[in-house]
Amino acid sequence: MGRTLKFKGGGLAAIVAIAGVVGLVAAPVAAAAGIKGPGDVLAAKWTPELATSGTDGSVETVRQFVPCGGSMYAVGRFTSVKQGSSVVTRNNAFSFSDTNGTITAWNPNVNGEVDSVALSADCSVAYLGGEFTSVGGSPASNIVAVSTVTGSVVPSFAATANKPVSTLVMSTGHLLVGGRFTSFNGSFAKKYMISVNPSTGKDDGYINLNISGNYVYTQQDGRKSGFNASQVYNTALSPDGSKLLAMGVFTSVGAQNRRQIFMLDLGASSATVDSWYSPEFNQNCHAVEPFWLQAASWSPDQSTVYIATTGYKPATDLDPYVMTGFNTGEPRGGLCDAAAAFPSTSSGSVLHQWVNYTGCDSLYSTAADANHVYIGGHERWADNPNGCDSPGSGNTAAPGMGGLDPVTGVLNYNPTRGRGQGASEMLRTGAGLWIGSDNAQNTSACAGEYQKMGICFLPNSEL
C-alpha cells in the first residue's frame, strides 16, 4: 500500500491539486427524491475512533478491517484510539467489539504501518502485513503472526519479506501474501505474491505467477509516467472463496498479459490466472498516477466485478475525433477517477456495463450488496461525466462516499462523509457497512455524525 500519502496503491492521487481536494467537512447536500441523503442516515454512535486530530499536519488512518469471533480487527497507521472519553495507546493495530465498540486489551504494538490483517479460521492468530521491523519488541520483517489473546509474536511463523507487504488473504488453508517484496524468506524465487503455510510461514507452492513489469508511457503533453514499482497492492476475495481479484503494478502474470488487475482461480492444489480481463484495463491515466485501479469488489451473486479508480484523467484522448478526456474541458473518458462495473465472465474481452465519473477526484475503496455499490475516496461529486475539478452538467454532490445502483451505476445512496485524504477501506458485513479513513485536518464527519475519526459504521437499518 502506498508510500506518498499512504493511500492504497501508491498515494499519488493526492499529488493532483491536493490543496483543493482535502475537504475538512462536507457541505450540506440535499437528497434527491427517493435517495437517502445525509439527513436520512445516521452512523452508529458507539464505534471507536482515532484519538488524534491531524491538525498538526500528521495524518493517521485506518487501512483495513477484518471481523472474527465477535471482534473487529483494525490496522493502519495510528498511535492511539478512543471510545467516548477513554483513550488508549495502540500502535498501528487494535481490536474492538463489532457490536458495541468496546476496545479490547489486544495490543501487538507494531513499530510501523500495518496495511493488512488476516485471521486464522479459529480466530486465535492474527497475521499482520505492512512496513515494520518490530512487533511487541520482537524483530519482524514486514509480516508477522501474533496471538489474538496475548498480542505476542507466534515464533513458529517465521516469515520475512524484504519490502512492504500490502495485502493478506486467508483462503482454504493458505495465507496469500502480496506486496512490493522481491525476496521472501530470503528467496528471490517469488516476487510480489506468494502463498505460505499459516503455521510455518514457508512457501507452500500454491502460487507460482512470475509477476513482472510496470507502466511506462508518455502522455499527450509529453510528460512521462512517474515512478511505479511492480507490486500486488490490493485483493478482493469472491463471495464463495473460489476466485481472487488482485490489483497492482504489473504487465505479465502467469505468462498472461495483465495490467492493473487480474483474477485468480483458487483451485484445490494451485491458483491459476483466470481468462477474465478487459482491454479497457490497458488504458493509461495521467502520468502522475500510472497505477489507477486500486480497489475492486464483487456483487453478492458473484456475477459482477466493480472497480474504484484514481488516475485523474486519460493520458491521451482515446478518440482524437471525439476528444475524450485528456483536456479538463472535455467530457470524461476511459476509467480514470471513476467507478465501473464489469461482468465476471471468464473472457479476455469483457467490457464495462456502466461507468460513473467523479469528475477528476480519486476513489480508493468499494464494497457491494444487492442494493448499492458503495464507493469511497476524497470525491466531491458523482454522476459527473461533464466536469473535471468542477461540477459539470448532471452532477450530484456526493462528498466522501456514495452508493450506486448496481444495474445502472447512477447514484442511489448519498449519506456523505468528511472527505479528508480519502476513505481507503469499505467492508460490507451482515450487520452493515464499515468505512475506514483518516483524520486529516480533524476530518470526523460521517453520515450525519461526528467523532468518526477514521472509523464509521452504517448499520443495515441505515443502508
# chains A, B, ... in the order shown; residues from 1 in each chain; ligands from 1
$ residues_around --residues "Phe96 (chain A)" --least-positions-apart "6" --cutoff "8 Å" --atoms "only C-alpha atoms" --output "VMD selection string"
chain A and resid 48 71 to 73 102 to 104
$ select_by_dssp --residues "region 232-294 of chain A" --states "strand (DSSP E)" --output "list in words"
Val232, Tyr233, Asn234, Thr235, Ala236, Leu237, Lys243, Leu244, Leu245, Ala246, Met247, Gly248, Val249, Ser252, Val253, Gln256, Asn257, Ile261, Phe262, Met263, Leu264, Asp265, Leu266, Ala271, Thr272, Val273, Leu293 and Gln294 of chain A
$ write_last_selection --atoms "N, CA and C atoms" --output "mmCIF file, in the first residue's frame"
data_model
loop_
_atom_site.group_PDB
_atom_site.id
_atom_site.type_symbol
_atom_site.label_atom_id
_atom_site.label_comp_id
_atom_site.auth_asym_id
_atom_site.auth_seq_id
_atom_site.Cartn_x
_atom_site.Cartn_y
_atom_site.Cartn_z
ATOM 1 N N VAL A 232 1.880 -6.279 -5.971
ATOM 2 C CA VAL A 232 0.476 -6.639 -5.768
ATOM 3 C C VAL A 232 0.028 -5.845 -4.566
ATOM 4 N N TYR A 233 -0.923 -4.963 -4.789
ATOM 5 C CA TYR A 233 -1.257 -3.958 -3.795
ATOM 6 C C TYR A 233 -2.531 -4.234 -3.001
ATOM 7 N N ASN A 234 -3.520 -4.810 -3.647
ATOM 8 C CA ASN A 234 -4.812 -4.995 -3.002
ATOM 9 C C ASN A 234 -5.452 -6.257 -3.566
ATOM 10 N N THR A 235 -6.368 -6.855 -2.820
ATOM 11 C CA THR A 235 -7.048 -8.062 -3.267
ATOM 12 C C THR A 235 -8.506 -8.030 -2.837
ATOM 13 N N ALA A 236 -9.330 -8.822 -3.519
ATOM 14 C CA ALA A 236 -10.747 -8.956 -3.160
ATOM 15 C C ALA A 236 -11.166 -10.398 -3.414
ATOM 16 N N LEU A 237 -11.509 -11.100 -2.357
ATOM 17 C CA LEU A 237 -11.925 -12.498 -2.443
ATOM 18 C C LEU A 237 -13.393 -12.576 -2.826
ATOM 19 N N LYS A 243 -12.451 -17.403 -6.150
ATOM 20 C CA LYS A 243 -11.689 -16.509 -7.024
ATOM 21 C C LYS A 243 -11.147 -15.336 -6.225
ATOM 22 N N LEU A 244 -10.053 -14.782 -6.722
ATOM 23 C CA LEU A 244 -9.426 -13.649 -6.066
ATOM 24 C C LEU A 244 -9.054 -12.608 -7.114
ATOM 25 N N LEU A 245 -9.488 -11.378 -6.895
ATOM 26 C CA LEU A 245 -9.037 -10.253 -7.712
ATOM 27 C C LEU A 245 -7.809 -9.653 -7.064
ATOM 28 N N ALA A 246 -6.806 -9.331 -7.862
ATOM 29 C CA ALA A 246 -5.595 -8.703 -7.357
ATOM 30 C C ALA A 246 -5.298 -7.465 -8.180
ATOM 31 N N MET A 247 -5.052 -6.358 -7.511
ATOM 32 C CA MET A 247 -4.761 -5.097 -8.158
ATOM 33 C C MET A 247 -3.326 -4.697 -7.872
ATOM 34 N N GLY A 248 -2.678 -4.045 -8.843
ATOM 35 C CA GLY A 248 -1.313 -3.625 -8.612
ATOM 36 C C GLY A 248 -0.618 -3.143 -9.856
ATOM 37 N N VAL A 249 0.696 -3.231 -9.824
ATOM 38 C CA VAL A 249 1.543 -2.781 -10.928
ATOM 39 C C VAL A 249 2.232 -3.994 -11.534
ATOM 40 N N SER A 252 2.729 -8.603 -16.756
ATOM 41 C CA SER A 252 2.662 -10.032 -17.045
ATOM 42 C C SER A 252 2.412 -10.804 -15.753
ATOM 43 N N VAL A 253 1.416 -11.683 -15.786
ATOM 44 C CA VAL A 253 1.070 -12.508 -14.622
ATOM 45 C C VAL A 253 0.772 -13.921 -15.123
ATOM 46 N N GLN A 256 0.510 -14.390 -18.771
ATOM 47 C CA GLN A 256 -0.601 -13.719 -19.443
ATOM 48 C C GLN A 256 -0.394 -12.202 -19.354
ATOM 49 N N ASN A 257 -0.784 -11.488 -20.412
ATOM 50 C CA ASN A 257 -0.703 -10.033 -20.377
ATOM 51 C C ASN A 257 -1.788 -9.478 -19.461
ATOM 52 N N ILE A 261 -5.053 -5.154 -12.974
ATOM 53 C CA ILE A 261 -5.875 -6.127 -12.237
ATOM 54 C C ILE A 261 -5.808 -7.485 -12.905
ATOM 55 N N PHE A 262 -5.882 -8.554 -12.111
ATOM 56 C CA PHE A 262 -6.056 -9.903 -12.660
ATOM 57 C C PHE A 262 -6.932 -10.709 -11.719
ATOM 58 N N MET A 263 -7.476 -11.780 -12.246
ATOM 59 C CA MET A 263 -8.322 -12.678 -11.467
ATOM 60 C C MET A 263 -7.650 -14.034 -11.356
ATOM 61 N N LEU A 264 -7.618 -14.573 -10.139
ATOM 62 C CA LEU A 264 -7.084 -15.908 -9.893
ATOM 63 C C LEU A 264 -8.216 -16.889 -9.638
ATOM 64 N N ASP A 265 -8.084 -18.087 -10.189
ATOM 65 C CA ASP A 265 -8.939 -19.215 -9.822
ATOM 66 C C ASP A 265 -8.236 -19.977 -8.714
ATOM 67 N N LEU A 266 -8.872 -20.080 -7.568
ATOM 68 C CA LEU A 266 -8.263 -20.715 -6.400
ATOM 69 C C LEU A 266 -8.642 -22.184 -6.382
ATOM 70 N N ALA A 271 -3.273 -22.024 -7.577
ATOM 71 C CA ALA A 271 -4.005 -20.848 -8.045
ATOM 72 C C ALA A 271 -3.524 -20.504 -9.444
ATOM 73 N N THR A 272 -4.458 -20.324 -10.368
ATOM 74 C CA THR A 272 -4.103 -20.050 -11.752
ATOM 75 C C THR A 272 -4.806 -18.789 -12.237
ATOM 76 N N VAL A 273 -4.226 -18.142 -13.246
ATOM 77 C CA VAL A 273 -4.788 -16.913 -13.777
ATOM 78 C C VAL A 273 -6.019 -17.219 -14.614
ATOM 79 N N LEU A 293 -6.100 1.507 -10.877
ATOM 80 C CA LEU A 293 -7.194 0.614 -10.472
ATOM 81 C C LEU A 293 -6.834 0.016 -9.116
ATOM 82 N N GLN A 294 -7.196 0.706 -8.056
ATOM 83 C CA GLN A 294 -6.687 0.367 -6.737
ATOM 84 C C GLN A 294 -7.630 -0.456 -5.867
#
$ closest_residue --among "A:Asn91, A:Ser85, A:Ser120, A:Thr61" --to "Gln421 (chain A)" --atoms "only C-alpha atoms"
A:Thr61
$ residues_around --residues "Lys452 (chain A)" --least-positions-apart "4" --cutoff "8 Å" --atoms "only C-alpha atoms" --output "list in words"
Thr47, Pro48, Glu49, Leu50, Ser444, Ala445, Cys446 and Cys456 of chain A
$ atom_distance --atom1 "CA of Thr160 (chain A)" --atom2 "CA of Arg258 (chain A)"
27.2 Å
$ closest_residue --among "A:Pro67, A:Ile35, A:Ser270, A:Tyr215" --to "Thr396 (chain A)" --atoms "only C-alpha atoms"
A:Ile35
$ atom_distance --atom1 "CA of Ala423 (chain A)" --atom2 "CA of Gly311 (chain A)"
16.0 Å
$ closest_residue --among "A:Gly422, A:Gly454, A:Pro406, A:Gly432" --to "Asp98 (chain A)" --atoms "only C-alpha atoms"
A:Gly432
$ select_by_dssp --residues "region 224-318 of chain A" --states "helix (DSSP H, G or I)" --output "PyMOL selection string"
chain A and resi 279-282
$ write_last_selection --atoms "N, CA, C and O atoms" --output "compact mmCIF listing (two decimals), in the first residue's frame"
# COMPACT_ATOMS: atom_id res chain seq x y z
N PRO A 279 -9.81 -5.22 -22.27
CA PRO A 279 -8.83 -4.34 -22.92
C PRO A 279 -8.86 -2.93 -22.36
O PRO A 279 -7.89 -2.18 -22.52
N GLU A 280 -9.95 -2.55 -21.70
CA GLU A 280 -10.03 -1.23 -21.09
C GLU A 280 -9.00 -1.03 -19.98
O GLU A 280 -8.63 0.10 -19.66
N PHE A 281 -8.53 -2.14 -19.38
CA PHE A 281 -7.53 -2.03 -18.33
C PHE A 281 -6.15 -1.69 -18.89
O PHE A 281 -5.23 -1.37 -18.12
N ASN A 282 -5.99 -1.74 -20.20
CA ASN A 282 -4.71 -1.39 -20.83
C ASN A 282 -4.57 0.12 -21.02
O ASN A 282 -3.49 0.59 -21.37
